[in-house]
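Student: Input final-v6.txt, format and content: compact mmCIF, C-alpha atoms.
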```txt
# COMPACT_ATOMS: atom_id res chain seq x y z
CA MET A 1 -136.14 43.17 94.74
CA THR A 2 -134.45 40.60 92.53
CA THR A 3 -134.75 38.02 95.30
CA LEU A 4 -138.49 38.66 95.55
CA ASP A 5 -138.95 38.49 91.78
CA SER A 6 -137.24 35.11 91.66
CA GLY A 7 -138.79 33.82 94.90
CA PHE A 8 -142.46 34.23 93.99
CA PRO A 9 -142.28 32.10 90.80
CA ARG A 10 -140.47 29.35 92.70
CA LEU A 11 -143.09 29.46 95.48
CA ARG A 12 -145.88 29.31 92.90
CA GLN A 13 -144.30 26.33 91.18
CA TRP A 14 -143.84 24.56 94.52
CA LEU A 15 -147.47 25.13 95.49
CA ARG A 16 -148.63 23.80 92.11
CA ALA A 17 -146.51 20.72 92.65
CA HIS A 18 -147.88 20.24 96.20
CA PRO A 19 -151.61 21.20 96.08
CA LEU A 20 -152.34 19.39 99.34
CA ALA A 21 -150.03 21.76 101.22
CA LEU A 22 -151.85 24.75 99.72
CA ASP A 23 -155.23 23.31 100.68
CA GLY A 24 -153.97 22.59 104.19
CA ALA A 25 -152.86 26.20 104.58
CA LEU A 26 -156.22 27.37 103.22
CA ALA A 27 -158.08 25.17 105.70
CA PHE A 28 -156.03 26.54 108.57
CA GLY A 29 -156.71 30.11 107.45
CA VAL A 30 -160.45 29.43 107.22
CA LEU A 31 -160.39 27.89 110.72
CA VAL A 32 -158.67 30.97 112.12
CA CYS A 33 -161.23 33.25 110.44
CA MET A 34 -164.15 31.21 111.74
CA ILE A 35 -162.87 31.10 115.32
CA THR A 36 -162.09 34.82 115.28
CA ALA A 37 -165.50 35.69 113.88
CA SER A 38 -167.21 33.52 116.47
CA PHE A 39 -166.13 35.99 119.19
CA ALA A 40 -167.92 38.85 117.42
CA ASP A 41 -171.53 39.70 118.22
CA PRO A 42 -173.24 41.73 115.47
CA HIS A 43 -175.92 42.88 117.92
CA GLY A 44 -173.76 43.33 121.00
CA SER A 45 -174.72 46.95 121.60
CA PRO A 46 -176.96 49.66 120.17
CA ASN A 47 -173.88 51.27 118.61
CA GLY A 48 -172.97 48.22 116.51
CA PRO A 49 -171.10 44.93 116.68
CA THR A 50 -168.86 44.10 119.61
CA PHE A 51 -165.92 41.73 119.91
CA GLY A 52 -165.18 39.47 122.86
CA ASP A 53 -168.62 39.66 124.48
CA ARG A 54 -169.42 36.08 123.51
CA THR A 55 -167.39 32.89 123.46
CA PRO A 56 -168.08 29.84 121.26
CA ASP A 57 -168.87 26.64 123.11
CA ALA A 58 -167.02 23.38 122.64
CA SER A 59 -169.53 21.94 120.14
CA SER A 60 -169.21 24.98 117.90
CA VAL A 61 -165.41 24.79 118.01
CA GLY A 62 -165.61 21.10 117.13
CA LEU A 63 -167.89 21.78 114.16
CA MET A 64 -165.57 24.57 112.96
CA VAL A 65 -162.59 22.23 113.14
CA LEU A 66 -164.49 19.54 111.21
CA GLY A 67 -165.61 22.02 108.54
CA ALA A 68 -162.09 23.39 108.09
CA ALA A 69 -160.48 19.92 108.04
CA ALA A 70 -162.89 18.81 105.34
CA LEU A 71 -161.42 21.46 103.01
CA VAL A 72 -158.01 19.73 102.83
CA PRO A 73 -159.16 17.07 100.26
CA ARG A 74 -161.45 19.53 98.44
CA ARG A 75 -159.72 19.01 95.04
CA ARG A 76 -160.12 15.23 95.09
CA ASP A 77 -163.89 15.13 95.65
CA PRO A 78 -165.41 18.63 95.73
CA LEU A 79 -169.03 17.43 95.82
CA ALA A 80 -168.43 15.21 98.86
CA VAL A 81 -166.60 18.03 100.62
CA LEU A 82 -169.53 20.39 99.90
CA ALA A 83 -172.01 17.83 101.23
CA PHE A 84 -170.01 17.39 104.44
CA THR A 85 -169.43 21.09 105.09
CA GLY A 86 -173.07 21.81 104.26
CA ALA A 87 -174.19 19.20 106.78
CA VAL A 88 -171.86 20.59 109.46
CA THR A 89 -173.23 24.07 108.80
CA LEU A 90 -176.82 22.86 109.06
CA VAL A 91 -176.10 21.19 112.40
CA GLU A 92 -174.60 24.42 113.75
CA LEU A 93 -177.54 26.53 112.46
CA ILE A 94 -180.15 24.19 113.90
CA VAL A 95 -178.58 23.22 117.24
CA ASP A 96 -176.89 26.41 118.45
CA ASP A 97 -179.02 29.43 119.31
CA ARG A 98 -176.01 31.67 118.59
CA PRO A 99 -174.40 29.80 115.67
CA ALA A 100 -170.72 30.23 114.89
CA PRO A 101 -169.76 31.10 111.28
CA VAL A 102 -169.23 27.48 110.17
CA VAL A 103 -170.84 28.52 106.89
CA MET A 104 -167.41 29.86 105.80
CA SER A 105 -166.26 26.29 105.10
CA ALA A 106 -169.37 25.67 102.99
CA VAL A 107 -168.69 28.86 101.00
CA ILE A 108 -165.17 27.64 100.13
CA ALA A 109 -166.60 24.25 99.19
CA VAL A 110 -169.16 25.89 96.86
CA TYR A 111 -166.36 27.82 95.16
CA THR A 112 -164.35 24.60 94.69
CA VAL A 113 -167.30 22.80 93.10
CA ALA A 114 -167.88 25.71 90.72
CA ALA A 115 -164.19 25.93 89.76
CA ARG A 116 -163.69 22.20 89.13
CA THR A 117 -166.96 21.01 87.58
CA ASP A 118 -169.12 22.02 84.63
CA ARG A 119 -171.52 24.96 84.58
CA PRO A 120 -174.81 23.01 84.88
CA THR A 121 -173.50 21.19 87.96
CA THR A 122 -172.24 24.48 89.38
CA TRP A 123 -175.56 26.26 89.24
CA ARG A 124 -177.64 23.26 90.20
CA VAL A 125 -175.55 22.53 93.29
CA GLY A 126 -175.04 26.22 94.05
CA LEU A 127 -178.78 27.00 94.03
CA ILE A 128 -179.54 24.02 96.23
CA THR A 129 -176.82 25.04 98.71
CA MET A 130 -178.01 28.66 98.80
CA ALA A 131 -181.63 27.62 99.33
CA VAL A 132 -180.92 25.06 102.07
CA LEU A 133 -178.43 27.12 104.09
CA THR A 134 -180.35 30.38 103.75
CA GLY A 135 -183.63 28.65 104.65
CA ALA A 136 -182.06 27.00 107.70
CA SER A 137 -180.62 30.32 108.84
CA MET A 138 -183.98 32.05 108.48
CA LEU A 139 -185.97 29.29 110.21
CA PHE A 140 -183.66 28.34 113.06
CA GLY A 141 -181.57 31.48 113.59
CA PRO A 142 -182.03 33.75 116.62
CA THR A 143 -182.71 36.78 114.39
CA PRO A 144 -185.74 37.64 112.19
CA TRP A 145 -185.78 36.05 108.76
CA TYR A 146 -184.92 39.36 107.09
CA ALA A 147 -181.81 39.95 109.22
CA GLN A 148 -178.55 40.80 107.51
CA GLU A 149 -176.91 37.57 108.73
CA ASN A 150 -179.43 35.52 106.71
CA LEU A 151 -178.94 37.70 103.63
CA GLY A 152 -175.19 37.33 104.12
CA VAL A 153 -175.44 33.53 103.89
CA PHE A 154 -177.37 33.88 100.63
CA ALA A 155 -174.97 36.46 99.19
CA TRP A 156 -171.74 34.67 100.12
CA THR A 157 -172.80 31.29 98.75
CA GLY A 158 -174.05 32.93 95.53
CA MET A 159 -170.84 34.93 95.07
CA ALA A 160 -168.74 31.83 95.71
CA ALA A 161 -170.57 29.95 92.94
CA ALA A 162 -170.19 32.90 90.54
CA ALA A 163 -166.49 33.36 91.34
CA GLY A 164 -165.74 29.66 90.89
CA ASP A 165 -167.57 29.59 87.58
CA ALA A 166 -165.62 32.62 86.36
CA VAL A 167 -162.31 31.02 87.35
CA ARG A 168 -163.24 27.78 85.59
CA SER A 169 -164.28 29.65 82.44
CA ARG A 170 -161.05 31.66 82.39
CA ARG A 171 -158.96 28.52 82.91
CA ALA A 172 -160.77 26.78 80.05
CA PHE A 173 -160.28 29.86 77.84
CA VAL A 174 -156.54 30.00 78.55
CA ASP A 175 -156.18 26.26 77.95
CA ALA A 176 -158.00 26.59 74.63
CA ILE A 177 -155.75 29.46 73.54
CA ARG A 178 -152.64 27.50 74.54
CA GLU A 179 -153.87 24.43 72.66
CA ARG A 180 -154.60 26.47 69.53
CA ALA A 181 -151.18 28.10 69.72
CA GLU A 182 -149.44 24.73 70.07
CA ARG A 183 -151.49 23.29 67.22
CA ALA A 184 -150.70 26.30 65.04
CA GLU A 185 -147.00 25.95 65.88
CA ARG A 186 -147.04 22.28 64.94
CA THR A 187 -148.90 23.05 61.73
CA ARG A 188 -146.47 25.84 60.85
CA GLU A 189 -143.46 23.60 61.43
CA GLU A 190 -144.99 20.80 59.36
CA GLU A 191 -145.81 23.24 56.58
CA ALA A 192 -142.28 24.64 56.67
CA ARG A 193 -140.82 21.14 56.46
CA ARG A 194 -143.12 20.29 53.58
CA ARG A 195 -142.14 23.43 51.69
CA VAL A 196 -138.45 22.78 52.32
CA ALA A 197 -138.86 19.21 51.06
CA GLU A 198 -140.54 20.48 47.91
CA GLU A 199 -137.76 22.99 47.35
CA ARG A 200 -135.15 20.28 47.81
CA LEU A 201 -136.93 18.17 45.23
CA ARG A 202 -136.83 21.10 42.82
CA ILE A 203 -133.11 21.51 43.50
CA ALA A 204 -132.63 17.78 42.89
CA ARG A 205 -134.38 18.04 39.53
CA ASP A 206 -132.32 21.05 38.54
CA LEU A 207 -129.12 19.29 39.56
CA HIS A 208 -130.16 16.28 37.50
CA ASP A 209 -130.35 18.48 34.44
CA VAL A 210 -126.94 20.03 35.13
CA VAL A 211 -125.23 16.69 35.71
CA ALA A 212 -126.95 15.15 32.69
CA HIS A 213 -125.60 18.00 30.56
CA HIS A 214 -122.03 17.42 31.72
CA ILE A 215 -122.25 13.64 31.34
CA ALA A 216 -123.60 14.05 27.82
CA LEU A 217 -120.71 16.40 27.03
CA VAL A 218 -118.21 13.90 28.44
CA ASN A 219 -119.79 11.15 26.34
CA VAL A 220 -119.60 13.18 23.14
CA GLN A 221 -116.01 14.33 23.70
CA ALA A 222 -114.92 10.82 24.65
CA GLY A 223 -116.44 9.50 21.45
CA VAL A 224 -114.61 12.17 19.43
CA ALA A 225 -111.32 11.31 21.16
CA ALA A 226 -111.75 7.60 20.44
CA HIS A 227 -112.59 8.32 16.80
CA VAL A 228 -109.57 10.54 16.06
CA MET A 229 -107.07 9.00 18.46
CA ASP A 230 -104.99 7.29 15.72
CA LYS A 231 -105.22 9.83 12.89
CA ARG A 232 -105.32 13.20 14.74
CA PRO A 233 -103.82 12.85 18.25
CA ASP A 234 -103.82 16.65 18.84
CA GLN A 235 -107.59 16.83 18.37
CA ALA A 236 -107.98 13.78 20.58
CA LYS A 237 -105.92 15.46 23.31
CA GLU A 238 -108.10 18.56 23.07
CA ALA A 239 -111.25 16.43 23.37
CA LEU A 240 -109.85 14.69 26.45
CA GLY A 241 -109.15 18.11 27.98
CA HIS A 242 -112.82 18.98 27.52
CA VAL A 243 -113.75 15.68 29.16
CA ARG A 244 -111.58 16.48 32.17
CA ALA A 245 -113.01 20.01 32.53
CA ALA A 246 -116.60 18.80 32.23
CA SER A 247 -116.15 16.00 34.73
CA ARG A 248 -114.41 18.34 37.21
CA SER A 249 -117.23 20.87 36.91
CA ALA A 250 -119.85 18.18 37.47
CA LEU A 251 -118.06 16.90 40.57
CA ASP A 252 -117.76 20.42 42.00
CA GLU A 253 -121.47 21.09 41.54
CA LEU A 254 -122.36 17.73 43.05
CA ARG A 255 -120.19 18.48 46.08
CA ALA A 256 -121.85 21.89 46.48
CA THR A 257 -125.41 20.57 46.67
CA VAL A 258 -125.23 16.94 47.82
CA GLY A 259 -125.67 18.03 51.45
CA LEU A 260 -129.20 19.19 50.69
CA LEU A 261 -130.29 16.15 48.69
CA ARG A 262 -131.04 13.33 51.11
CA GLN A 263 -134.24 11.91 49.61
CA SER A 264 -133.93 8.74 47.58
CA ASP A 265 -137.53 8.71 46.28
CA ASP A 266 -137.22 11.69 43.92
CA PRO A 267 -139.74 11.41 41.10
CA GLU A 268 -138.59 11.35 37.52
CA ALA A 269 -136.80 14.60 36.70
CA PRO A 270 -137.67 16.74 33.68
CA THR A 271 -135.50 16.48 30.60
CA GLU A 272 -135.60 20.08 29.38
CA PRO A 273 -132.36 22.12 29.64
CA ALA A 274 -131.76 23.85 32.96
CA PRO A 275 -132.73 27.54 32.81
CA GLY A 276 -130.22 30.30 33.43
CA LEU A 277 -129.56 34.00 32.93
CA ALA A 278 -129.45 33.46 29.17
CA VAL A 279 -133.22 32.94 29.21
CA LEU A 280 -133.91 35.70 31.75
CA ASP A 281 -135.78 37.91 29.30
CA PRO A 282 -138.56 35.36 28.65
CA LEU A 283 -138.93 34.96 32.44
CA LEU A 284 -139.32 38.71 32.94
CA ALA A 285 -141.79 38.80 30.06
CA THR A 286 -144.05 36.38 31.88
CA PHE A 287 -144.18 38.70 34.90
CA ARG A 288 -144.81 41.73 32.69
CA ASN A 289 -147.65 39.87 31.03
CA ALA A 290 -149.03 39.15 34.52
CA GLY A 291 -149.17 42.89 35.28
CA LEU A 292 -145.88 43.44 37.13
CA PRO A 293 -143.64 46.08 35.50
CA VAL A 294 -140.05 44.82 35.67
CA GLU A 295 -136.89 46.65 34.65
CA LEU A 296 -133.63 44.81 34.03
CA ALA A 297 -130.10 46.14 34.46
CA CYS A 298 -127.40 43.65 33.45
CA ASP A 299 -123.72 44.54 33.78
CA ALA A 300 -122.20 41.13 33.07
CA ASP A 301 -119.13 40.83 30.86
CA GLY A 302 -120.47 37.88 28.90
CA THR A 303 -118.31 35.28 30.63
CA PRO A 304 -120.46 32.24 31.29
CA LEU A 305 -121.18 31.37 34.91
CA PRO A 306 -120.88 27.87 36.41
CA ALA A 307 -124.05 25.96 35.63
CA ALA A 308 -125.16 25.69 39.27
CA VAL A 309 -124.57 29.42 39.86
CA ASP A 310 -126.38 30.33 36.65
CA LEU A 311 -129.30 28.16 37.63
CA ALA A 312 -129.37 29.53 41.20
CA ALA A 313 -129.37 33.12 39.90
CA TYR A 314 -132.31 32.31 37.64
CA ARG A 315 -134.27 30.62 40.43
CA ILE A 316 -133.58 33.45 42.91
CA ILE A 317 -134.87 36.06 40.47
CA GLN A 318 -137.89 33.89 39.72
CA GLU A 319 -138.77 33.39 43.41
CA ALA A 320 -138.13 37.02 44.36
CA LEU A 321 -140.36 38.32 41.56
CA THR A 322 -143.01 35.79 42.51
CA ASN A 323 -142.97 37.19 46.06
CA VAL A 324 -143.29 40.72 44.66
CA ARG A 325 -146.23 39.68 42.53
CA LYS A 326 -147.94 37.99 45.48
CA HIS A 327 -147.15 40.31 48.40
CA ALA A 328 -146.14 43.78 47.20
CA GLY A 329 -149.67 44.90 46.49
CA PRO A 330 -151.28 46.46 43.42
CA GLY A 331 -149.29 49.01 41.46
CA ALA A 332 -145.90 47.72 42.61
CA LYS A 333 -142.89 47.85 40.29
CA ALA A 334 -139.76 45.72 40.37
CA GLU A 335 -136.14 46.20 39.38
CA VAL A 336 -133.72 43.37 38.66
CA SER A 337 -129.99 43.87 38.41
CA VAL A 338 -127.25 41.36 37.62
CA VAL A 339 -123.75 42.72 38.22
CA ARG A 340 -120.50 40.79 38.04
CA VAL A 341 -117.92 42.06 40.54
CA GLY A 342 -114.60 40.27 40.41
CA ARG A 343 -115.15 36.62 41.27
CA THR A 344 -118.74 37.17 42.40
CA VAL A 345 -122.04 37.99 40.76
CA GLU A 346 -124.62 40.10 42.60
CA ILE A 347 -128.31 39.55 41.92
CA THR A 348 -130.60 42.22 43.35
CA VAL A 349 -134.40 42.38 43.17
CA LEU A 350 -136.11 45.55 44.43
CA ASP A 351 -139.76 46.54 44.62
CA ASP A 352 -141.65 49.63 45.76
CA GLY A 353 -144.66 47.85 47.22
CA VAL A 354 -146.27 48.33 50.60
CA PRO A 355 -143.94 48.08 53.65
CA GLN A 356 -143.72 44.57 55.05
CA PRO A 357 -142.10 43.01 58.13
CA THR A 358 -138.86 41.19 57.50
CA PRO A 359 -139.62 37.65 56.27
CA SER A 360 -137.50 35.02 57.93
CA ALA A 361 -136.80 31.40 57.30
CA ASP A 362 -137.69 30.80 60.95
CA THR A 363 -141.06 32.55 60.85
CA GLY A 364 -142.81 31.11 57.86
CA GLY A 365 -140.84 32.63 54.92
CA HIS A 366 -140.81 29.37 52.90
CA GLY A 367 -139.68 30.91 49.61
CA LEU A 368 -136.83 32.73 51.27
CA LEU A 369 -135.89 29.54 53.09
CA GLY A 370 -135.47 27.73 49.78
CA MET A 371 -133.45 30.60 48.30
CA ARG A 372 -131.24 30.76 51.37
CA GLU A 373 -130.51 27.02 51.23
CA ARG A 374 -129.73 27.24 47.52
CA VAL A 375 -127.35 30.19 48.01
CA THR A 376 -125.65 28.65 51.05
CA ALA A 377 -125.04 25.43 49.15
CA LEU A 378 -123.00 27.40 46.60
CA GLY A 379 -120.99 29.27 49.23
CA GLY A 380 -122.80 32.60 48.72
CA THR A 381 -124.81 34.95 50.92
CA LEU A 382 -128.43 36.11 50.81
CA THR A 383 -129.98 39.17 52.45
CA ALA A 384 -133.69 39.99 52.45
CA ALA A 385 -135.15 42.99 54.26
CA PRO A 386 -137.66 45.84 53.84
CA ARG A 387 -136.42 48.96 52.09
CA TYR A 388 -136.41 52.33 53.80
CA GLY A 389 -139.58 54.11 52.74
CA GLY A 390 -141.40 51.01 51.56
CA GLY A 391 -140.89 47.95 49.44
CA PHE A 392 -138.55 45.02 49.78
CA ARG A 393 -135.02 44.10 48.75
CA VAL A 394 -133.51 40.69 48.03
CA GLN A 395 -129.80 40.47 47.24
CA ALA A 396 -127.76 37.35 46.59
CA ILE A 397 -123.99 37.30 46.17
CA LEU A 398 -122.85 34.14 44.41
CA PRO A 399 -119.39 32.92 43.37
CA ALA A 400 -118.85 33.54 39.66
CA THR A 401 -116.15 30.87 39.34
CA ALA A 402 -116.05 27.16 39.91
CA ARG A 403 -114.82 25.77 43.22
CA THR A 404 -111.50 24.93 41.56
CA GLY A 405 -110.92 28.61 40.96
CA GLU A 406 -111.18 28.40 37.18
CA ASP A 407 -113.81 30.20 35.15
CA THR A 408 -116.13 27.82 33.40
```
With the file now loaded, output its structure as structure tokens.
Tutor:
Amino acid sequence: MTTLDSGFPRLRQWLRAHPLALDGALAFGVLVCMITASFADPHGSPNGPTFGDRTPDASSVGLMVLGAAALVPRRRDPLAVLAFTGAVTLVELIVDDRPAPVVMSAVIAVYTVAARTDRPTTWRVGLITMAVLTGASMLFGPTPWYAQENLGVFAWTGMAAAAGDAVRSRRAFVDAIRERAERAERTREEEARRRVAEERLRIARDLHDVVAHHIALVNVQAGVAAHVMDKRPDQAKEALGHVRAASRSALDELRATVGLLRQSDDPEAPTEPAPGLAVLDPLLATFRNAGLPVELACDADGTPLPAAVDLAAYRIIQEALTNVRKHAGPGAKAEVSVVRVGRTVEITVLDDGVPQPTPSADTGGHGLLGMRERVTALGGTLTAAPRYGGGFRVQAILPATARTGEDT
């Protein structure tokens, strides 16, 4: 069974790669059907058709071979193939008093024209073929004009045109769906890249504020040390210690985020102080004013966090609450908790909104993608998933100490 399952796709791919072989096999099958049917006599006896009572003559066999052979290049020029098979069929209908079923080749040719051309051409050519072949069968055939053989010519050519048109329409529909899916995928990837670039620019601006703060502190402390170096060396030593700590902290934060900041054309960064957990209450107030009830539970011990961690915690809460406001639906409530556990700080944002599928950075969750990059840059972890019973949960675990291992 496994061999069959793997063999059919390979055979299909080979036939698609070699269409001439498929058309040659089709032509051979049509020839076999025509020759077999030529031995049947629909009026051989009062009880019905008989087989083997008549034999096709050499001219009929030659016309059947020509009609079948013409089907091999049917994909290259379907209209020319239809014209040739139609002419061969007309010759057989007019010349032979007991015509062989050469019309089978014309039926296949009609189907090919319908499947590989446009609809107006299909019906125009199909109606002409039906009228000419059916008229020739009625006028020159050995049976009355209303015989079933004549109606069969009309029916088979009409059904071939309809079947070919249906196949062409379905192929065009599938191609259109595939093209829309590919275009949507390209658009989604471009949008994701654009959102990531915007988030990186925001991180760059935030980092600029953090670094500017430390450099300003170094400048002030260095000035103090230079001023009191001669008169109060102890105070100068203390100021130089502050300079060393500030510079080390700035270098650690630069090392943590420089991997994400590759753009050199960052616009001018803002000059206001970088936000952090100290200004969390005003942030929550803005969401409350916007109609989102937010409760805060803070279990921090008051020890200041590293500037980059403090900023990341603020941004994560801001983005998570923004997602709640946008996607949780009316009447949703949110809970924010900030808990310091050992050398880590846990930021959790919960809501009780409508159940949602898990957003993912790979499936269009642009806000979560930015949060995940920010957390990863600091060496933390981020989880985001629906809550059991409804709502959503975002939790970030960030290091509460600097990379050197010292509290800042």
Student: Write out as a list in words the residues lying within 12 Å of Arg288 of chain A, counting only C-alpha atoms and excluding same-chain residues fewer than 5 positions away.
Tutor: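 Those residues are Asp281, Pro282, Leu283, Pro293, Val294, Glu295, Leu296, Leu321, Thr322, Arg325, Ala332, Lys333, Ala334 and Glu335 of chain A.
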Student: Do you know which residues are at most 9 Å from Pro56 of chain A counting all atoms listed in the file, after dropping those on the same chain fewer than 5 positions away, and could you put them as a PDB file with C-alpha atoms, in the frame of the given file?
Tutor:
```pdb
ATOM      1  CA  ILE A  35    -162.870  31.100 115.320  1.00  0.00           C
ATOM      2  CA  SER A  38    -167.210  33.520 116.470  1.00  0.00           C
ATOM      3  CA  PHE A  39    -166.130  35.990 119.190  1.00  0.00           C
ATOM      4  CA  VAL A  61    -165.410  24.790 118.010  1.00  0.00           C
ATOM      5  CA  ARG A  98    -176.010  31.670 118.590  1.00  0.00           C
ATOM      6  CA  PRO A  99    -174.400  29.800 115.670  1.00  0.00           C
ATOM      7  CA  ALA A 100    -170.720  30.230 114.890  1.00  0.00           C
TER       8      ALA A 100
END
```
Student: To one decimal place in Å, what is the distance between atom CA of Gly276 of chain A and atom CA of Leu240 of chain A?
Tutor: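 For atom CA of Gly276 of chain A relative to atom CA of Leu240 of chain A, the distance reads 26.6 Å.
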Student: Show me, as a ChimeraX atom specification, the residues that have an atom within 8 Å of segment 343-350 of chain A when counting only C-alpha atoms, minus same-chain residues fewer than 3 positions from it.
Tutor: /A:313,317,320-321,334-340,391-401
Student: Contacts of Arg315 of chain A at 10 Å or less, counting only C-alpha atoms, minus same-chain residues fewer than 5 places along, as a compact mmCIF listing (two decimals) with C-alpha atoms, keeping the file's coordinate frame?
Tutor:
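The resulting out.txt:
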```txt
# COMPACT_ATOMS: atom_id res chain seq x y z
CA ILE A 203 -133.11 21.51 43.50
CA ASP A 206 -132.32 21.05 38.54
CA PRO A 275 -132.73 27.54 32.81
CA GLY A 276 -130.22 30.30 33.43
CA LEU A 277 -129.56 34.00 32.93
CA VAL A 309 -124.57 29.42 39.86
CA ASP A 310 -126.38 30.33 36.65
CA ALA A 320 -138.13 37.02 44.36
CA LEU A 321 -140.36 38.32 41.56
CA GLY A 370 -135.47 27.73 49.78
CA MET A 371 -133.45 30.60 48.30
CA ARG A 374 -129.73 27.24 47.52
```
Student: What is the atom CA of Pro120 of chain A to atom CA of Thr157 of chain A distance in Å?
Tutor: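 Rounded to one decimal, the two atoms are 16.3 Å apart.
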Student: Which of these, A:Ala184, A:Ala114, A:Ala106, A:Ala87, has the shortest distance to Trp156 of chain A once you count all atoms listed in the file?
Tutor: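 Looking only at the distances to Trp156 of chain A, the closest residue turns out to be A:Ala106.
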Student: Within 8 Å of Leu82 of chain A, counting only C-alpha atoms, which residues qualify if same-chain residues fewer than 5 places away don't, as an mmCIF file with C-alpha atoms, in the coordinates of the input?
Tutor:
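And here's selection_37.cif as it stands now:
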```
data_model
loop_
_atom_site.group_PDB
_atom_site.id
_atom_site.type_symbol
_atom_site.label_atom_id
_atom_site.label_comp_id
_atom_site.auth_asym_id
_atom_site.auth_seq_id
_atom_site.Cartn_x
_atom_site.Cartn_y
_atom_site.Cartn_z
ATOM 1 C CA ALA A 106 -169.370 25.670 102.990
ATOM 2 C CA ALA A 109 -166.600 24.250 99.190
ATOM 3 C CA VAL A 110 -169.160 25.890 96.860
ATOM 4 C CA VAL A 113 -167.300 22.800 93.100
#
```
Student: Any idea what the distance is between atom CA of Leu251 of chain A and atom CA of Gly223 of chain A?
Tutor: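 That distance, rounded to one decimal, is 20.6 Å.
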Student: Nearest residue to Ala222 of chain A out of A:Glu185, A:Glu179, A:Asp77, A:Glu238, using only C-alpha atoms?
Tutor: A:Glu238
